[in-house]
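Student: Quick one: structure below, then a few questions.
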Amino acid sequence: MRVLIVEDSAPLRESLRTGLSREGFAVDVAADGRAGLLYARNNPYDVLVLDLMLPELDGLGVLAGLREKTDRPHVLVLTARDRVEDRVGGLNAGADDYLVKPFAFDELLARVHALVRRRYEEPSTVVRVGDLELDTLGRTVCHAGRPLELTAREYALLEYLALRQGQTVSREEIEDHVYGVNRLPSSNAVDSTVCILRSKLGPDGKALIRTRRGQGYALEAPGP
């Protein structure tokens with residue numbers, strides 16, 4: 001899943017980038033509102049972590065600039081303002097959740113995970129596709145009761161397909177949601193990762209991750 005952090009405090013910005021990257025997210029960062037709005041308008045983020053007090057353009061201005069975006073990310077606002085009217089103002093401006101500074105990273109992580117689930121209309125933290133089971137909080141995968149050892153990139157790709165199970169997902173969509181701006185994949189990176197995942201899934205690999213020729217891939221339970 002892909003996250004954009006717009007935060008002017010360099011220590012906090014880098015701390016969040018490091019923490020979310022370790023949790024398997026593809027993370028981009030911006031230090032001011034104008035740069036953040038440009039990133040958010042031109043890239044398909046799942047979640048935007050947005051400070052309100054920003055140089056160049058404040059967080060409310062960023063939210064206003066995203067109103068016309070059809071595939072707008074879910075927004076978690078970070079702010080030192082803890083008055084009720086401030087929270088109401090942020091939510092009314094288009095934020096989906098609100099976290100007051102200072103905060104614990106574990107709480108932010110839980111809220112980001114919740115926003116990802118909401119975005120993909122997945123109420124549970126455990127996603128099941130046939131005999132395949134993904135724990136999106138623990139970032140573990142089991143197939144037919146057997147745990148699978150996956151790299152961070154393999155897990156990220158499989159999770160994205162699982163959250164869109166039954167849908168055909170193009171290579172470009174996978175690249176957009178699994179890689180950040182500064183980590184552009186090689187031309188065959190998606191196909192190679194799918195091949196490895198199928199191998200790790202065993203005999204059901206090709207039946208679970210299906211190729212839609214000329215379109216992309218779909219993750220779905222094998223038929224009878």
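Going through the structure tokens in order, the chains are called A, B, and so on, while each chain numbers its residues from 1 and the ligands are numbered from 1 in the order shown.
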For A:Glu149, please output as a ChimeraX atom specification all residues within 12 Å (counting only C-alpha atoms; exclusion window: fewer than 2 positions along the same chain).

Tutor: /A:139-143,146-147,151-155,196-197,199-201

Student: Could the residues in this selection be written to a file with N, CA and C atoms, as a PDB file, in the first residue's frame?

Tutor:
```pdb
ATOM      1  N   ARG A 139       1.088  -8.962   9.001  1.00  0.00           N
ATOM      2  CA  ARG A 139       1.753  -9.111   7.712  1.00  0.00           C
ATOM      3  C   ARG A 139       2.277 -10.531   7.546  1.00  0.00           C
ATOM      4  N   THR A 140       1.404 -11.496   7.863  1.00  0.00           N
ATOM      5  CA  THR A 140       1.727 -12.906   7.690  1.00  0.00           C
ATOM      6  C   THR A 140       0.768 -13.513   6.690  1.00  0.00           C
ATOM      7  N   VAL A 141       1.213 -14.581   6.056  1.00  0.00           N
ATOM      8  CA  VAL A 141       0.419 -15.255   5.028  1.00  0.00           C
ATOM      9  C   VAL A 141       0.460 -16.753   5.269  1.00  0.00           C
ATOM     10  N   CYS A 142      -0.715 -17.378   5.187  1.00  0.00           N
ATOM     11  CA  CYS A 142      -0.815 -18.840   5.252  1.00  0.00           C
ATOM     12  C   CYS A 142      -1.583 -19.328   4.038  1.00  0.00           C
ATOM     13  N   HIS A 143      -1.169 -20.466   3.509  1.00  0.00           N
ATOM     14  CA  HIS A 143      -1.899 -21.093   2.407  1.00  0.00           C
ATOM     15  C   HIS A 143      -2.148 -22.544   2.768  1.00  0.00           C
ATOM     16  N   ARG A 146      -0.454 -23.594   5.789  1.00  0.00           N
ATOM     17  CA  ARG A 146       1.015 -23.580   5.770  1.00  0.00           C
ATOM     18  C   ARG A 146       1.503 -22.134   5.693  1.00  0.00           C
ATOM     19  N   PRO A 147       2.329 -21.696   6.661  1.00  0.00           N
ATOM     20  CA  PRO A 147       2.843 -20.319   6.602  1.00  0.00           C
ATOM     21  C   PRO A 147       3.805 -20.146   5.430  1.00  0.00           C
ATOM     22  N   THR A 151       9.090 -11.922   1.042  1.00  0.00           N
ATOM     23  CA  THR A 151       9.800 -10.657   1.211  1.00  0.00           C
ATOM     24  C   THR A 151       8.773  -9.538   1.358  1.00  0.00           C
ATOM     25  N   ALA A 152       9.240  -8.356   1.768  1.00  0.00           N
ATOM     26  CA  ALA A 152       8.330  -7.215   1.924  1.00  0.00           C
ATOM     27  C   ALA A 152       7.637  -6.887   0.609  1.00  0.00           C
ATOM     28  N   ARG A 153       8.362  -6.938  -0.508  1.00  0.00           N
ATOM     29  CA  ARG A 153       7.767  -6.615  -1.804  1.00  0.00           C
ATOM     30  C   ARG A 153       6.759  -7.671  -2.226  1.00  0.00           C
ATOM     31  N   GLU A 154       7.089  -8.942  -2.009  1.00  0.00           N
ATOM     32  CA  GLU A 154       6.157 -10.020  -2.352  1.00  0.00           C
ATOM     33  C   GLU A 154       4.878  -9.888  -1.552  1.00  0.00           C
ATOM     34  N   TYR A 155       5.021  -9.609  -0.237  1.00  0.00           N
ATOM     35  CA  TYR A 155       3.829  -9.449   0.595  1.00  0.00           C
ATOM     36  C   TYR A 155       2.994  -8.255   0.111  1.00  0.00           C
ATOM     37  N   ILE A 196       7.366 -15.595  -8.644  1.00  0.00           N
ATOM     38  CA  ILE A 196       7.889 -16.097  -7.367  1.00  0.00           C
ATOM     39  C   ILE A 196       6.741 -16.448  -6.422  1.00  0.00           C
ATOM     40  N   LEU A 197       5.727 -15.581  -6.356  1.00  0.00           N
ATOM     41  CA  LEU A 197       4.583 -15.853  -5.492  1.00  0.00           C
ATOM     42  C   LEU A 197       3.884 -17.147  -5.888  1.00  0.00           C
ATOM     43  N   SER A 199       5.171 -19.684  -7.320  1.00  0.00           N
ATOM     44  CA  SER A 199       6.039 -20.797  -6.934  1.00  0.00           C
ATOM     45  C   SER A 199       5.898 -21.096  -5.446  1.00  0.00           C
ATOM     46  N   LYS A 200       5.842 -20.050  -4.616  1.00  0.00           N
ATOM     47  CA  LYS A 200       5.724 -20.249  -3.174  1.00  0.00           C
ATOM     48  C   LYS A 200       4.342 -20.780  -2.780  1.00  0.00           C
ATOM     49  N   LEU A 201       3.337 -20.461  -3.576  1.00  0.00           N
ATOM     50  CA  LEU A 201       1.986 -20.959  -3.299  1.00  0.00           C
ATOM     51  C   LEU A 201       1.822 -22.419  -3.697  1.00  0.00           C
TER      52      LEU A 201
END
```

Student: Using only C-alpha atoms, determine which residues lie at most 8 Å from A:Ile5, disregarding the query and same-chain residues fewer than 6 positions distant; provide the list as a ChimeraX atom specification.

Tutor: /A:13,16-17,27-30,36,48-50

Student: Between atom CA of A:Asn42 and atom CA of A:Leu54, what is the distance in Å, rounded to a tenth?

Tutor: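 Atom CA of A:Leu54 lies at a distance of 19.7 Å from atom CA of A:Asn42.
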
Student: Excluding same-chain residues fewer than 5 positions from A:Ala35, what lies within 12 Å of it counting only C-alpha atoms, as an MDAnalysis selection string?

Tutor: chainID A and resid 4:8 28:30 40:42 54:59 61:62 65

Student: Keeping N, CA and C atoms, export the residues of the selection given above as an mmCIF file, in the first residue's frame.

Tutor:
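Final output, saved to out_28.cif:
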```
data_model
loop_
_atom_site.group_PDB
_atom_site.id
_atom_site.type_symbol
_atom_site.label_atom_id
_atom_site.label_comp_id
_atom_site.auth_asym_id
_atom_site.auth_seq_id
_atom_site.Cartn_x
_atom_site.Cartn_y
_atom_site.Cartn_z
ATOM 1 N N LEU A 4 1.467 8.770 1.444
ATOM 2 C CA LEU A 4 2.154 10.051 1.331
ATOM 3 C C LEU A 4 2.122 10.744 2.687
ATOM 4 N N ILE A 5 3.291 11.185 3.162
ATOM 5 C CA ILE A 5 3.395 11.943 4.410
ATOM 6 C C ILE A 5 3.717 13.391 4.055
ATOM 7 N N VAL A 6 2.871 14.318 4.477
ATOM 8 C CA VAL A 6 3.136 15.741 4.278
ATOM 9 C C VAL A 6 3.297 16.360 5.660
ATOM 10 N N GLU A 7 4.541 16.642 6.021
ATOM 11 C CA GLU A 7 4.892 17.079 7.372
ATOM 12 C C GLU A 7 6.132 17.960 7.280
ATOM 13 N N ASP A 8 6.090 19.162 7.889
ATOM 14 C CA ASP A 8 7.225 20.070 7.764
ATOM 15 C C ASP A 8 8.331 19.809 8.791
ATOM 16 N N ASP A 28 6.131 7.998 0.304
ATOM 17 C CA ASP A 28 6.685 9.228 -0.248
ATOM 18 C C ASP A 28 6.478 10.328 0.784
ATOM 19 N N VAL A 29 7.323 11.363 0.739
ATOM 20 C CA VAL A 29 7.211 12.443 1.709
ATOM 21 C C VAL A 29 7.292 13.797 1.022
ATOM 22 N N ALA A 30 6.674 14.795 1.647
ATOM 23 C CA ALA A 30 6.768 16.186 1.200
ATOM 24 C C ALA A 30 6.863 17.061 2.441
ATOM 25 N N ALA A 40 0.054 14.454 -4.297
ATOM 26 C CA ALA A 40 -1.241 13.796 -4.104
ATOM 27 C C ALA A 40 -2.103 13.860 -5.350
ATOM 28 N N ARG A 41 -1.984 14.924 -6.114
ATOM 29 C CA ARG A 41 -2.778 15.047 -7.335
ATOM 30 C C ARG A 41 -2.279 14.135 -8.443
ATOM 31 N N ASN A 42 -0.984 13.823 -8.421
ATOM 32 C CA ASN A 42 -0.381 13.127 -9.556
ATOM 33 C C ASN A 42 -0.016 11.678 -9.289
ATOM 34 N N LEU A 54 1.376 23.817 7.874
ATOM 35 C CA LEU A 54 2.410 23.600 6.864
ATOM 36 C C LEU A 54 2.810 24.917 6.215
ATOM 37 N N PRO A 55 4.056 25.045 5.777
ATOM 38 C CA PRO A 55 4.439 26.212 4.986
ATOM 39 C C PRO A 55 3.893 26.112 3.566
ATOM 40 N N GLU A 56 3.859 27.252 2.875
ATOM 41 C CA GLU A 56 3.416 27.367 1.481
ATOM 42 C C GLU A 56 1.904 27.214 1.333
ATOM 43 N N LEU A 57 1.358 26.143 1.887
ATOM 44 C CA LEU A 57 -0.084 25.868 1.811
ATOM 45 C C LEU A 57 -0.436 25.003 3.008
ATOM 46 N N ASP A 58 -1.420 25.423 3.812
ATOM 47 C CA ASP A 58 -1.720 24.636 5.013
ATOM 48 C C ASP A 58 -2.526 23.383 4.665
ATOM 49 N N GLY A 59 -2.719 22.528 5.674
ATOM 50 C CA GLY A 59 -3.392 21.253 5.433
ATOM 51 C C GLY A 59 -4.804 21.401 4.906
ATOM 52 N N GLY A 61 -5.818 23.755 3.005
ATOM 53 C CA GLY A 61 -5.667 24.088 1.591
ATOM 54 C C GLY A 61 -5.381 22.862 0.751
ATOM 55 N N VAL A 62 -4.585 21.935 1.290
ATOM 56 C CA VAL A 62 -4.322 20.681 0.580
ATOM 57 C C VAL A 62 -5.620 19.895 0.406
ATOM 58 N N GLY A 65 -7.678 21.372 -2.249
ATOM 59 C CA GLY A 65 -7.142 21.104 -3.574
ATOM 60 C C GLY A 65 -7.367 19.690 -4.055
#
```

Student: For atom CA of A:Phe105 and atom CA of A:Arg81, quote the distance in Å rounded to one decimal.

Tutor: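 We find that atom CA of A:Phe105 and atom CA of A:Arg81 lie 18.1 Å from each other.
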
Student: Leaving out A:Gly130 and any residue of its chain fewer than 3 positions from it, which residues lie within 12 Å of it when counting only C-alpha atoms, given as a list of chain:residue names?

Tutor: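 Once the adjacent positions are removed, what remains is A:Val127, A:Glu133, A:Leu134, A:Cys142, A:His143, A:Ala144, A:Gly145, A:Ala162, A:Gln165, A:Gly166, A:Asp204, A:Gly205, A:Ala207, A:Leu208, A:Ile209, A:Leu219, A:Glu220, A:Ala221, A:Pro222, A:Gly223, A:Pro224.
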
Student: Would you list the contacts of A:Asp71 as a PyMOL selection string, taking every protein, DNA or RNA residue within 10 Å and counting only C-alpha atoms, but skipping same-chain residues closer than 3 positions in sequence?

Tutor: chain A and resi 40-41+43-46+66-68+74

Student: Tell me which protein, DNA and RNA residues are within 10 Å of A:Thr168, counting only C-alpha atoms, leaving out same-chain ones fewer than 4 positions away, and put them as a count of residues only.

Tutor: 11

Student: Can you tell me which residues surround stretch 106-118 of chain A at a distance of at most 9 Å, considering only C-alpha atoms, apart from same-chain residues fewer than 6 positions away, and format the answer as a list in words?

Tutor: Met1, Val3, Gly19, Leu20, Glu23, Asp46, Val47, Leu48, Val49, His74, Val75, Leu76, Asp96, Asp97, Leu99, Ser124, Thr125, Thr136, Leu137 and Leu163 of chain A
